[in-house]
Structures are given as C-alpha cells and as structure tokens.
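**Student:** The structure is given below, and queries will be raised subsequently.
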2 protein chains.
Amino acid sequence: MPSISQKGQLMPQSPIRKLVPFAEAAKTRGVEIHHLNIGQPDIKTPEGALNAVRNTNIEVLAYSHSAGFASYRNKLASYYKRNGIEVDTSDIIVSTGGSEALLFAMGSITDPGDEIIIPEPFYANYNGFATASGVQVVPVISTLEEGFALPPIADFEKLISDKTKAIVICNPGNPTGYLYSKEEIEQLAILVKKHDLFLIADEVYREFAYDGLQHHSVMSQRDIDDHTIMIDSVSKRYSMCGARIGCIVSRNKEVIATAMKFAQARLSPPTFAQLAAEAALDTPDSYFTQVIEEYVARRDTLVQGLESIPGVKVAKPKGAFYCIAELPVKNADHFAQWLLESFDLNGKTAMVAPAAGFYSSNGVGLNQVRIAYVLEESALKEAVEILREALKVYQD
Amino acid sequence: MPSISQKGQLMPQSPIRKLVPFAEAAKTRGVEIHHLNIGQPDIKTPEGALNAVRNTNIEVLAYSHSAGFASYRNKLASYYKRNGIEVDTSDIIVSTGGSEALLFAMGSITDPGDEIIIPEPFYANYNGFATASGVQVVPVISTLEEGFALPPIADFEKLISDKTKAIVICNPGNPTGYLYSKEEIEQLAILVKKHDLFLIADEVYREFAYDGLQHHSVMSQRDIDDHTIMIDSVSKRYSMCGARIGCIVSRNKEVIATAMKFAQARLSPPTFAQLAAEAALDTPDSYFTQVIEEYVARRDTLVQGLESIPGVKVAKPKGAFYCIAELPVKNADHFAQWLLESFDLNGKTAMVAPAAGFYSSNGVGLNQVRIAYVLEESALKEAVEILREALKVYQD
C-alpha cells in the first residue's frame, strides 16, 4: 500500500473538529448544545444577496474570469474606497473564500522551508495553509494580560532570519477580538520596510470594530505599498460563510501577477456566489449599524457574565466576535470534552474551542478557550450559567 | 521591495491565456472569433440544477460540512453505483471543482521533490497543481500516430524512480479525446501494484464516451483499491463549469483522512453550488442521450472537415470534446496568434489552443493544436473553412 506524504501527516487537524465526536455523543444523550465554538454567525444574510441568486436567469453556468467578474471587482474597488482604501480593480483577485486568498499569497511569496511570523494566538487554519505550502510558522506570543496587543517589535526582531518572508496579522483578530491601533500598524510598517518583508493582513472582520474605534487597514499605510497583501472575505461581513468568496488585494504588481497564475490554474471562483457577493455590496449601512449593535450587546453580556465567574479572566474584545477566556482549569481541552460528554444544566451544555489549538508554541494557552458570540443574548446568558455551574463541579 | 517566491516564478501560465491579448486585438479590428480554445460547453445547464438555487429558502448562507453536504455525498454514492462504481459516502469528499480535488490528492500523497508520471499531452493545469505542490511532472509521450493510446508500460517503467509517487491519467482525455480501454486500465493496475504507486484518474468526462464504447473507471479495478484516487467534477457533465463543485474519491481510508485535513483548513465547498450539483443528479438520462448525440455529430463534422484539409492529421476522439490536430505549420503557437492578429474569412476567425502547452517535454507538439468542439455544427463548419483558407495563405 503506497503511503501518504509527510506533508499530509503534518497537516494539523482543526482544534474545533476534534470535539465533533463528543458533540455527537452529547446529542445522543439528549443534551442540547450552545455552539460557541465556531465563527458561524446566526445573523441573516442580506436579502439582496440571496435574491441576486434567486433571480438569476443564467442558462449556461459558465466559468467566470479567473480573477472574478469584472463588475464585481469594480464594485469591490469602490467599496474599498468608501472605506478609505484606495485600490484599483487590477489590484484585486477574487478568491474562493479568504482561505484560497491566503494560499495564493503563501504560494506567491514563500518556498518550502521559508518562515512566517504570526502573533499568537492566531486563527488555527493559518497552520494548515502554512503546512500545505511547506512553510514554518514562527509564533510571537501576545498575552491575555496585555489584552492581546501587538507584542513588542523587539520580540519580532529576535525571530527574523533570512528565512523569514512575511509577518501575518489578523485585524480585528480571530481568536482574540483585538483591534490593532494605527500606531501598532505603523510600527509593523517600519519593521517590514527595515527587513524587506511582506505584511499579510487578514481583514475579514473590518466592519466589526466597536466602542467608536476605527479600523486601520494595512492598505492605508502608503509607505509600504510593495509590502502589503490584504486578505478579505464576504463570509463574516454579510453572514455569507457558505458563499466561499474572498479576495487577495495588493498594490505590488508582481504579487498580483503571480497570484493570478495560481488563480488561472484553478480556473475561476464560484459563479453563483459571486452574484450574491456583488449584490451584497449594495447592502445599506443600516444593516451594519444593526449588526454591530447586536454584537456589542452580545459581547457585553458575555464578557460581564464571564467576569462574574470566579477564576475566569477575559480580554475584552474590541472587534470581531470572539474572545479568549482563561478558565480556572489545568487543561481546557479536557474541560471542553467533559462539558459535552458529562455535563448539562437543565438539559443543555456549551461547546467551546480549546485555545491551545490557536497557539503553535507548545504548552501555551492550555487553560484558555475561545468563545464566539454568534448566538443571541439569551443563549449567551444560558451558556455563561452553564460554564459557571460546570466550573463548580469540574475536577481537572 | 520583497521578492516573490521561486515557486511563484515557476508557476506556468495557462497556454490558452497567453492568446487572450491577441483575441482582444481581433475584436478591436472588428473580427468575430469562433472559440475552439476552451472547454466551456455551450450546452444548457439542466433546469433542475438552476432551479434548486433559484428556489432556495436559505436565510443564513452557512458553511457546509467540510466534506460537503451529507445529502449530496449520499446521492453521489448512488450515482457512482448506477455507473458501476461501488463506493461509500465516506469515500467521497466534495471539493471546489476538480481542481481542488487534485490539489488535495497531491498534498496528501506527495512532498516537494517527488515526481508524478503523466502521459502527455495532458491537461495543462496539472503542471500548475504540480508546481504549487513542489512536485515534478515526468511526462511519458503518447503519439497522434497511435491515436494517443496508453504508451507501452515499458516506457513508464523506464521513468519510475524512488521519487515517483503516482501515475496520473485523464480518462477520457483532455486534450486528446482518447478513452482508455479496460485492458489499458488493467495494465496500469499491474504497474502501480508492482511499484507501489498511486493511480490518480481524472474522470470528469466519464459520460462522454462515444461509438458504443464503455468508460472503464479505475475504481472498477478492485485489486488496487488502496492505490486509486478518482478526481471528479460536475463542470462538464452538467455544463456547470461555474459551479466549482468536484470531488475526490478513494477507498484508501488514509488518503481520505488526510485529504479531509486539507478540506477542513479551507472550511467548506460553496453552498449554493452544492444545492445545484445535488439537484443535477436528478437530471434524466434523456439529457445525456441528447448531449452525447450532439457531441458525436459535432465531432464527426469537425474531424471530417479537418481531415479534408491538405496536410492536417487528426486522432479521432472517442470521448470528451477535444481533439488534437497536427497542422502543416512549423509553429502552431505563432499560427494561432496570426489567426487572431492578421486573418479573417468574411469577418470571422478561429481561436485554437496551441498544443505545445499540453506537453511538458520541450519541442514536442509544436505543430499541433487542441480544438474543443463546444460550438454548434454550423460554427464548427465555418471554423474548419477558416482553418482551410488560413493554411493556404499562412507563411511560417
């Protein structure tokens, strides 16, 4: 029997998926689960986006251009301009989700053996894309005590070698909810210029900035045009995770020309979903006002609830819809499994993502979990009570 | 300015895309183009598939399971059984087009520096997926004189080294239209067993087998269950190229478990398109009867037409909707460009794909083109007359 590859063996399993069998066991024993474990919002997709697909008069479902429909890319450029990001249509390639945009970016700027530096905790699938590209993730630790702010630049510099090709950030952050300040982005700009690195910013949560804070895109940092690669997606913005439409944006012409070769090899992004994504750009601002009000209310309910549990610490998120909570347990992995296997409060339990999977350093974040506040406030209140009661009886 | 990767530099450009600027020039000078250059069928997508999306009552466009909707995978398993391929739902992972299925396969079984052997001419994007995976394509030449039949097994054996991980075939073939016989598949089975290799078969044109010939899937070769990986797609079958839905199928549990980790990293295949693909499986057999009648009529018109041009040789295709034609020119690349730049017959010209891009051996196939018969017979007749008249005046 022929064997699978080393790469295949090294591919990490999603930290969330590991719990799926235990979630099934919970259902089997009749326990209802509050899903705080994944970033699948419950918010309705804008009607306009869905109607664009419902009303389609397509007769032959043909390939689109490999870079995506020109009409969609033009409208995307206008959307970015409205958000203070001056880009041309030719700086944008539409991708199959933000995931594919990251793969295009890594393929265009890294070779096997190269390294990328990422502040951790970070979105677990960055590990998967790095492994698929043969690239080593070098983590720089950010801490709950500092609210997951940008680690000191000196910490980055200690890790930079001639193998380093890029620094990757997620802003606002999954799983931290941290929103980088203008000053932090400026520090990164100085760093990547000094060491001639790329700065890849995953900005899929751009709109989800709270408490009057402004999102500062790496694309607004005009002194590093040749260094910046922005990753984007409609998944969270319009609650369209199943569309699988994202994009890679860069003013570095060589990067876009190279990414385009990867895009051509896979022919085109999905046609139906592009229709929906294009129509989604007409979503009125009132949609976001409402959605953001809702997330802020949820965040406040969740954070206040968690902070009222003895021994629980939270870094209050400023954006996105996740927070990292430190629990009074030794092994959050085991606690999360136990919640599904052995606990319930009035027939209900909660599913959380153990945070260790968001760190690539070993032994870090073992007592932390990521909680996605993608459920309505009443469910979040119940989930907090479940955690409170569970922590009273749980034995490490 | 940071530099792009070696991988990015090595990524091949699609042989078809190179001609795009010349096609634009043709349009600018007011000349209409018969597009014989790409495998984008003009056949209508089944209404049922389109209606499944038009009638959707989705409110939150959520991620699907990373392996695809269970309902779709179950129906796919039944479809395969109807086609004599006994597979379980758990042997199938739904992918974003056949392209992603190939990337999952390569990631699961190869490491950078490994080799895969492919009979050439082959689908040009295999080069792109191999480059993206850091894998070397080792071509084994099949010839127009032999109708692009499987090269002698001895030719494969000469190329097998300890770096060889797989043999890749496309059956029926793009760009050759060749349909491998049961005996040829059996020879490959003996070969991969003897050398402990994987056999990856791209079978996206399964239904397009003509002249009463039967398609013989590698999955029917039950003595090599652990060796076979089938790549599939709805793109050509249902004229749904823009859906971007394919799948990877294998009875090797380790391969599927590994491919699943790649699938999880990118979260899910597109939701709308899965609805359409699932509904497409209910397409009545009469659809295929009609479509195949149409393609056979087109093939016959095209092949007879081409054979009537002095100096042109064609390998009559037995399947798919492509044929390779040898032209009485030195450099088909230049001829294809000249057709767009400088020739017209009554205001019309033809766009063909130079075949050199389908060979990875240098200097092979220089006088060949690939013609896709994806246009109606009247257009194909015009295209043949354009080629006939063009070849009379063209100077190498």
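If you're wondering about the labels, chains in the structure tokens are A, B, ... by order shown, residues count from 1 in each chain, ligands from 1 in order shown.
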Can you list every residue in region 123-222 of chain A that DSSP puts in strand (DSSP E or B), as a list in words?
**Tutor:**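 Matching residues for strand (DSSP E or B) in region 123-222 of chain A are Gln136, Val137, Val138, Pro139, Val140, Ile141, Thr164, Lys165, Ala166, Ile167, Val168, Ile169, Cys170, Phe198, Leu199, Ile200, Ala201, Asp202 and Ala209 of chain A.
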**Student:** Fewer than 3 positions away in the same chain doesn't count, so skip those; otherwise give me all residues within 12 Å of Glu59 (chain B), counting only C-alpha atoms, as a list of chain:residue names.
**Tutor:**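 Final neighbour list, sorted by chain and number: A:Pro41, A:Asp42, A:Ile43, A:Lys44, A:Thr45, A:Pro46, A:Glu47, A:Gly48, A:Ala49, A:Leu50, A:Asn51, A:Tyr238, A:Ser239, A:Met240, A:Gly242, B:Thr56, B:Ala62.
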**Student:** Just give me the gap between CA of Glu385 (chain A) and CA of Lys313 (chain A) in Å, one decimal is fine.
**Tutor:**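 Answer for the CA of Glu385 (chain A) to CA of Lys313 (chain A) separation: 15.6 Å.
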**Student:** Compile the contact shell of region 83-90 of chain A as a list of chain:residue names: residues with an atom at most 9 Å away, counting only C-alpha atoms, same-chain residues fewer than 3 positions apart removed.
**Tutor:** A:Ala70, A:Arg73, A:Asn74, A:Lys75, A:Leu76, A:Ala77, A:Ser78, A:Tyr79, A:Tyr80, A:Ile93, A:Ser217, A:Met219, A:Ser220, A:Val249, A:Ser250, A:Arg251, A:Lys253, A:Ile256
**Student:** Write out, as an mmCIF file, in the first residue's frame, the residues just selected, with C-alpha atoms.
**Tutor:**
```cif
data_model
loop_
_atom_site.group_PDB
_atom_site.id
_atom_site.type_symbol
_atom_site.label_atom_id
_atom_site.label_comp_id
_atom_site.auth_asym_id
_atom_site.auth_seq_id
_atom_site.Cartn_x
_atom_site.Cartn_y
_atom_site.Cartn_z
ATOM 1 C CA ALA A 70 -15.016 42.479 -13.735
ATOM 2 C CA ARG A 73 -14.064 43.631 -8.873
ATOM 3 C CA ASN A 74 -15.019 47.178 -9.910
ATOM 4 C CA LYS A 75 -17.642 47.374 -7.190
ATOM 5 C CA LEU A 76 -15.181 45.952 -4.685
ATOM 6 C CA ALA A 77 -12.710 48.717 -5.554
ATOM 7 C CA SER A 78 -15.474 51.284 -4.852
ATOM 8 C CA TYR A 79 -16.312 49.562 -1.562
ATOM 9 C CA TYR A 80 -12.669 49.814 -0.510
ATOM 10 C CA ILE A 93 -8.235 38.924 -7.456
ATOM 11 C CA SER A 217 -6.065 48.850 7.281
ATOM 12 C CA MET A 219 -3.529 49.246 2.842
ATOM 13 C CA SER A 220 -3.824 52.757 4.320
ATOM 14 C CA VAL A 249 -5.541 42.655 -2.683
ATOM 15 C CA SER A 250 -2.082 44.121 -3.234
ATOM 16 C CA ARG A 251 -0.556 47.138 -4.944
ATOM 17 C CA LYS A 253 2.062 44.221 -9.283
ATOM 18 C CA ILE A 256 -0.823 40.078 -8.163
#
```
**Student:** What are the residues of chain A lining chain B at 6 Å or less? Count only C-alpha atoms, and put the answer as an mmCIF file with all heavy atoms, in the first residue's frame.
**Tutor:**
```cif
data_model
loop_
_atom_site.group_PDB
_atom_site.id
_atom_site.type_symbol
_atom_site.label_atom_id
_atom_site.label_comp_id
_atom_site.auth_asym_id
_atom_site.auth_seq_id
_atom_site.Cartn_x
_atom_site.Cartn_y
_atom_site.Cartn_z
ATOM 1 N N PRO A 2 0.683 2.133 -0.992
ATOM 2 C CA PRO A 2 1.527 3.333 -1.052
ATOM 3 C C PRO A 2 1.207 4.244 0.132
ATOM 4 O O PRO A 2 0.084 4.243 0.629
ATOM 5 C CB PRO A 2 1.132 3.985 -2.379
ATOM 6 C CG PRO A 2 -0.224 3.450 -2.698
ATOM 7 C CD PRO A 2 -0.349 2.106 -2.040
ATOM 8 N N ILE A 4 1.013 7.870 2.450
ATOM 9 C CA ILE A 4 0.713 9.287 2.296
ATOM 10 C C ILE A 4 1.986 10.094 2.542
ATOM 11 O O ILE A 4 2.997 9.561 2.974
ATOM 12 C CB ILE A 4 -0.436 9.738 3.221
ATOM 13 C CG1 ILE A 4 -0.076 9.515 4.684
ATOM 14 C CG2 ILE A 4 -1.723 9.041 2.858
ATOM 15 C CD1 ILE A 4 -0.933 10.319 5.616
ATOM 16 N N SER A 5 1.920 11.383 2.245
ATOM 17 C CA SER A 5 3.125 12.223 2.293
ATOM 18 C C SER A 5 3.412 12.698 3.716
ATOM 19 O O SER A 5 2.537 12.663 4.581
ATOM 20 C CB SER A 5 2.927 13.433 1.386
ATOM 21 O OG SER A 5 1.801 14.168 1.812
ATOM 22 N N GLY A 8 1.160 15.513 4.310
ATOM 23 C CA GLY A 8 -0.168 15.052 4.722
ATOM 24 C C GLY A 8 -0.203 14.665 6.189
ATOM 25 O O GLY A 8 -1.179 14.931 6.903
ATOM 26 N N GLN A 13 -4.978 18.898 12.413
ATOM 27 C CA GLN A 13 -6.433 18.796 12.436
ATOM 28 C C GLN A 13 -6.963 20.047 13.099
ATOM 29 O O GLN A 13 -6.328 20.581 14.020
ATOM 30 C CB GLN A 13 -6.865 17.559 13.217
ATOM 31 C CG GLN A 13 -7.941 16.799 12.471
ATOM 32 C CD GLN A 13 -8.700 15.841 13.340
ATOM 33 O OE1 GLN A 13 -8.295 15.535 14.449
ATOM 34 N NE2 GLN A 13 -9.809 15.360 12.836
ATOM 35 N N LYS A 44 -28.828 37.032 9.795
ATOM 36 C CA LYS A 44 -29.356 36.712 8.458
ATOM 37 C C LYS A 44 -28.508 37.343 7.354
ATOM 38 O O LYS A 44 -28.060 38.482 7.479
ATOM 39 C CB LYS A 44 -30.805 37.193 8.339
ATOM 40 C CG LYS A 44 -31.765 36.287 9.082
ATOM 41 C CD LYS A 44 -33.218 36.601 8.769
ATOM 42 C CE LYS A 44 -34.111 35.692 9.614
ATOM 43 N NZ LYS A 44 -35.519 36.084 9.510
ATOM 44 N N THR A 45 -28.319 36.596 6.289
ATOM 45 C CA THR A 45 -27.647 37.099 5.098
ATOM 46 C C THR A 45 -28.528 38.182 4.473
ATOM 47 O O THR A 45 -29.752 38.015 4.431
ATOM 48 C CB THR A 45 -27.460 35.938 4.100
ATOM 49 O OG1 THR A 45 -26.840 34.849 4.781
ATOM 50 C CG2 THR A 45 -26.624 36.348 2.908
ATOM 51 N N ARG A 54 -31.444 34.007 -6.395
ATOM 52 C CA ARG A 54 -32.805 33.504 -6.657
ATOM 53 C C ARG A 54 -33.327 33.996 -8.013
ATOM 54 O O ARG A 54 -34.060 33.297 -8.695
ATOM 55 C CB ARG A 54 -33.758 33.980 -5.557
ATOM 56 C CG ARG A 54 -33.507 33.305 -4.219
ATOM 57 C CD ARG A 54 -34.578 33.708 -3.208
ATOM 58 N NE ARG A 54 -34.259 33.192 -1.886
ATOM 59 C CZ ARG A 54 -34.167 33.936 -0.784
ATOM 60 N NH1 ARG A 54 -34.401 35.242 -0.837
ATOM 61 N NH2 ARG A 54 -33.868 33.388 0.370
ATOM 62 N N GLU A 59 -28.375 30.630 -18.121
ATOM 63 C CA GLU A 59 -28.778 29.406 -18.840
ATOM 64 C C GLU A 59 -27.625 28.415 -18.895
ATOM 65 O O GLU A 59 -27.833 27.204 -18.837
ATOM 66 C CB GLU A 59 -29.235 29.757 -20.249
ATOM 67 C CG GLU A 59 -30.522 30.571 -20.240
ATOM 68 C CD GLU A 59 -31.167 30.618 -21.616
ATOM 69 O OE1 GLU A 59 -30.435 30.525 -22.618
ATOM 70 O OE2 GLU A 59 -32.404 30.738 -21.660
ATOM 71 N N VAL A 60 -26.415 28.961 -19.079
ATOM 72 C CA VAL A 60 -25.210 28.128 -19.030
ATOM 73 C C VAL A 60 -24.357 28.653 -17.875
ATOM 74 O O VAL A 60 -23.914 29.802 -17.901
ATOM 75 C CB VAL A 60 -24.400 28.213 -20.348
ATOM 76 C CG1 VAL A 60 -23.129 27.369 -20.244
ATOM 77 C CG2 VAL A 60 -25.242 27.775 -21.535
ATOM 78 N N LEU A 61 -24.187 27.824 -16.860
ATOM 79 C CA LEU A 61 -23.418 28.241 -15.672
ATOM 80 C C LEU A 61 -21.930 28.147 -16.014
ATOM 81 O O LEU A 61 -21.275 27.150 -15.741
ATOM 82 C CB LEU A 61 -23.776 27.345 -14.485
ATOM 83 C CG LEU A 61 -23.174 27.730 -13.131
ATOM 84 C CD1 LEU A 61 -23.691 29.078 -12.663
ATOM 85 C CD2 LEU A 61 -23.459 26.664 -12.085
ATOM 86 N N ALA A 62 -21.410 29.222 -16.615
ATOM 87 C CA ALA A 62 -20.061 29.193 -17.189
ATOM 88 C C ALA A 62 -19.004 29.635 -16.179
ATOM 89 O O ALA A 62 -19.327 30.233 -15.149
ATOM 90 C CB ALA A 62 -20.007 30.107 -18.409
ATOM 91 N N TYR A 63 -17.736 29.315 -16.506
ATOM 92 C CA TYR A 63 -16.616 29.869 -15.755
ATOM 93 C C TYR A 63 -16.721 31.385 -15.759
ATOM 94 O O TYR A 63 -17.134 31.991 -16.753
ATOM 95 C CB TYR A 63 -15.282 29.528 -16.453
ATOM 96 C CG TYR A 63 -14.896 28.074 -16.459
ATOM 97 C CD1 TYR A 63 -14.713 27.390 -17.654
ATOM 98 C CD2 TYR A 63 -14.680 27.385 -15.273
ATOM 99 C CE1 TYR A 63 -14.328 26.049 -17.671
ATOM 100 C CE2 TYR A 63 -14.299 26.043 -15.285
ATOM 101 C CZ TYR A 63 -14.125 25.385 -16.483
ATOM 102 O OH TYR A 63 -13.743 24.078 -16.502
ATOM 103 N N SER A 99 -9.686 31.773 2.565
ATOM 104 C CA SER A 99 -8.754 30.640 2.615
ATOM 105 C C SER A 99 -7.900 30.565 1.355
ATOM 106 O O SER A 99 -6.679 30.449 1.422
ATOM 107 C CB SER A 99 -9.533 29.321 2.744
ATOM 108 O OG SER A 99 -10.372 29.341 3.871
ATOM 109 N N SER A 108 2.690 32.613 -3.597
ATOM 110 C CA SER A 108 3.356 33.661 -4.378
ATOM 111 C C SER A 108 4.629 34.170 -3.709
ATOM 112 O O SER A 108 5.532 34.644 -4.395
ATOM 113 C CB SER A 108 2.403 34.847 -4.600
ATOM 114 O OG SER A 108 1.260 34.428 -5.314
ATOM 115 N N ILE A 109 4.688 34.101 -2.382
ATOM 116 C CA ILE A 109 5.833 34.743 -1.712
ATOM 117 C C ILE A 109 6.696 33.796 -0.887
ATOM 118 O O ILE A 109 7.705 34.225 -0.340
ATOM 119 C CB ILE A 109 5.372 35.924 -0.818
ATOM 120 C CG1 ILE A 109 4.535 35.409 0.359
ATOM 121 C CG2 ILE A 109 4.579 36.953 -1.618
ATOM 122 C CD1 ILE A 109 4.468 36.377 1.508
ATOM 123 N N THR A 110 6.310 32.521 -0.775
ATOM 124 C CA THR A 110 7.136 31.605 0.028
ATOM 125 C C THR A 110 7.484 30.351 -0.750
ATOM 126 O O THR A 110 6.744 29.912 -1.637
ATOM 127 C CB THR A 110 6.409 31.145 1.319
ATOM 128 O OG1 THR A 110 5.271 30.355 0.953
ATOM 129 C CG2 THR A 110 5.995 32.305 2.184
ATOM 130 N N ASP A 111 8.630 29.776 -0.385
ATOM 131 C CA ASP A 111 9.046 28.464 -0.865
ATOM 132 C C ASP A 111 9.127 27.529 0.339
ATOM 133 O O ASP A 111 9.255 27.998 1.483
ATOM 134 C CB ASP A 111 10.414 28.580 -1.551
ATOM 135 C CG ASP A 111 10.302 29.247 -2.905
ATOM 136 O OD1 ASP A 111 9.498 28.769 -3.727
ATOM 137 O OD2 ASP A 111 10.991 30.260 -3.141
ATOM 138 N N ASN A 125 -6.347 27.812 11.226
ATOM 139 C CA ASN A 125 -6.116 27.328 9.865
ATOM 140 C C ASN A 125 -4.897 27.962 9.186
ATOM 141 O O ASN A 125 -4.449 27.457 8.159
ATOM 142 C CB ASN A 125 -7.368 27.508 9.005
ATOM 143 C CG ASN A 125 -8.436 26.492 9.385
ATOM 144 O OD1 ASN A 125 -8.116 25.359 9.748
ATOM 145 N ND2 ASN A 125 -9.690 26.895 9.328
ATOM 146 N N GLY A 128 -2.614 25.270 8.879
ATOM 147 C CA GLY A 128 -2.915 24.358 7.768
ATOM 148 C C GLY A 128 -2.396 24.899 6.450
ATOM 149 O O GLY A 128 -1.758 24.177 5.678
ATOM 150 N N ASP A 196 12.671 44.162 4.817
ATOM 151 C CA ASP A 196 12.214 43.795 3.473
ATOM 152 C C ASP A 196 11.302 42.561 3.487
ATOM 153 O O ASP A 196 11.522 41.593 2.743
ATOM 154 C CB ASP A 196 13.419 43.567 2.549
ATOM 155 C CG ASP A 196 13.054 43.868 1.096
ATOM 156 O OD1 ASP A 196 12.080 44.617 0.870
ATOM 157 O OD2 ASP A 196 13.727 43.347 0.191
ATOM 158 N N LEU A 197 10.295 42.617 4.317
ATOM 159 C CA LEU A 197 9.342 41.514 4.435
ATOM 160 C C LEU A 197 7.986 41.915 3.868
ATOM 161 O O LEU A 197 7.691 43.099 3.709
ATOM 162 C CB LEU A 197 9.147 41.155 5.913
ATOM 163 C CG LEU A 197 10.394 40.807 6.716
ATOM 164 C CD1 LEU A 197 10.018 40.587 8.181
ATOM 165 C CD2 LEU A 197 11.069 39.564 6.133
ATOM 166 N N MET A 240 -22.229 35.344 5.140
ATOM 167 C CA MET A 240 -22.289 34.519 3.930
ATOM 168 C C MET A 240 -21.132 33.530 3.907
ATOM 169 O O MET A 240 -20.431 33.408 2.903
ATOM 170 C CB MET A 240 -22.164 35.415 2.685
ATOM 171 C CG MET A 240 -23.355 36.290 2.422
ATOM 172 S SD MET A 240 -23.040 37.482 1.060
ATOM 173 C CE MET A 240 -22.768 36.359 -0.310
ATOM 174 N N CYS A 241 -20.926 32.840 5.028
ATOM 175 C CA CYS A 241 -19.782 31.922 5.131
ATOM 176 C C CYS A 241 -19.810 30.853 4.039
ATOM 177 O O CYS A 241 -18.763 30.396 3.569
ATOM 178 C CB CYS A 241 -19.784 31.234 6.491
ATOM 179 S SG CYS A 241 -19.545 32.370 7.869
ATOM 180 N N GLY A 242 -21.030 30.439 3.657
ATOM 181 C CA GLY A 242 -21.163 29.355 2.679
ATOM 182 C C GLY A 242 -20.962 29.805 1.242
ATOM 183 O O GLY A 242 -20.925 28.968 0.334
ATOM 184 N N ALA A 243 -20.834 31.132 1.027
ATOM 185 C CA ALA A 243 -20.617 31.610 -0.348
ATOM 186 C C ALA A 243 -19.260 31.132 -0.846
ATOM 187 O O ALA A 243 -19.123 30.618 -1.933
ATOM 188 C CB ALA A 243 -20.696 33.133 -0.410
ATOM 189 N N ARG A 244 -18.252 31.255 0.002
ATOM 190 C CA ARG A 244 -16.858 30.969 -0.338
ATOM 191 C C ARG A 244 -16.354 31.992 -1.357
ATOM 192 O O ARG A 244 -15.870 31.639 -2.431
ATOM 193 C CB ARG A 244 -16.639 29.530 -0.837
ATOM 194 C CG ARG A 244 -17.250 28.420 -0.009
ATOM 195 C CD ARG A 244 -17.029 28.512 1.473
ATOM 196 N NE ARG A 244 -15.618 28.471 1.841
ATOM 197 C CZ ARG A 244 -15.047 29.368 2.648
ATOM 198 N NH1 ARG A 244 -15.740 30.370 3.193
ATOM 199 N NH2 ARG A 244 -13.780 29.273 2.943
ATOM 200 N N THR A 258 1.645 37.089 -9.980
ATOM 201 C CA THR A 258 1.974 35.722 -9.574
ATOM 202 C C THR A 258 0.739 35.014 -9.016
ATOM 203 O O THR A 258 0.435 33.873 -9.390
ATOM 204 C CB THR A 258 3.106 35.738 -8.521
ATOM 205 O OG1 THR A 258 4.201 36.483 -9.052
ATOM 206 C CG2 THR A 258 3.563 34.335 -8.187
ATOM 207 N N LYS A 261 -1.466 33.564 -11.605
ATOM 208 C CA LYS A 261 -1.138 32.258 -12.189
ATOM 209 C C LYS A 261 -1.749 31.121 -11.362
ATOM 210 O O LYS A 261 -2.234 30.136 -11.914
ATOM 211 C CB LYS A 261 0.379 32.102 -12.325
ATOM 212 C CG LYS A 261 0.984 33.076 -13.340
ATOM 213 C CD LYS A 261 2.421 32.741 -13.695
ATOM 214 C CE LYS A 261 3.401 33.084 -12.605
ATOM 215 N NZ LYS A 261 4.802 32.829 -12.962
ATOM 216 N N ALA A 265 -4.822 28.509 -12.700
ATOM 217 C CA ALA A 265 -4.726 27.048 -12.621
ATOM 218 C C ALA A 265 -6.037 26.447 -12.115
ATOM 219 O O ALA A 265 -6.434 25.373 -12.554
ATOM 220 C CB ALA A 265 -3.571 26.635 -11.719
ATOM 221 N N ARG A 266 -6.739 27.166 -11.212
ATOM 222 C CA ARG A 266 -7.998 26.613 -10.692
ATOM 223 C C ARG A 266 -9.223 27.190 -11.418
ATOM 224 O O ARG A 266 -10.351 27.002 -11.007
ATOM 225 C CB ARG A 266 -8.082 26.751 -9.171
ATOM 226 C CG ARG A 266 -8.072 28.168 -8.575
ATOM 227 C CD ARG A 266 -9.300 28.960 -8.902
ATOM 228 N NE ARG A 266 -9.514 30.102 -8.051
ATOM 229 C CZ ARG A 266 -9.694 31.325 -8.519
ATOM 230 N NH1 ARG A 266 -9.657 31.588 -9.815
ATOM 231 N NH2 ARG A 266 -9.938 32.322 -7.696
ATOM 232 N N PRO A 270 -16.404 30.605 -7.618
ATOM 233 C CA PRO A 270 -17.777 30.152 -7.919
ATOM 234 C C PRO A 270 -18.679 31.277 -8.441
ATOM 235 O O PRO A 270 -18.705 32.369 -7.883
ATOM 236 C CB PRO A 270 -18.290 29.598 -6.589
ATOM 237 C CG PRO A 270 -17.285 29.935 -5.548
ATOM 238 C CD PRO A 270 -16.034 30.372 -6.209
ATOM 239 N N THR A 271 -19.423 30.969 -9.491
ATOM 240 C CA THR A 271 -20.242 31.961 -10.197
ATOM 241 C C THR A 271 -21.453 32.418 -9.388
ATOM 242 O O THR A 271 -21.669 33.621 -9.206
ATOM 243 C CB THR A 271 -20.672 31.390 -11.567
ATOM 244 O OG1 THR A 271 -19.497 31.276 -12.385
ATOM 245 C CG2 THR A 271 -21.680 32.286 -12.266
#
```
**Student:** Quick check, in Å to one decimal: how far apart do CA of Gln274 (chain A) and CA of Val234 (chain A) lie?
**Tutor:** 10.0 Å
**Student:** Measure the distance from CA of Thr283 (chain B) to CA of Ser66 (chain B) in Å and round it to one decimal.
**Tutor:**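 Answer for the CA of Thr283 (chain B) to CA of Ser66 (chain B) separation: 25.3 Å.
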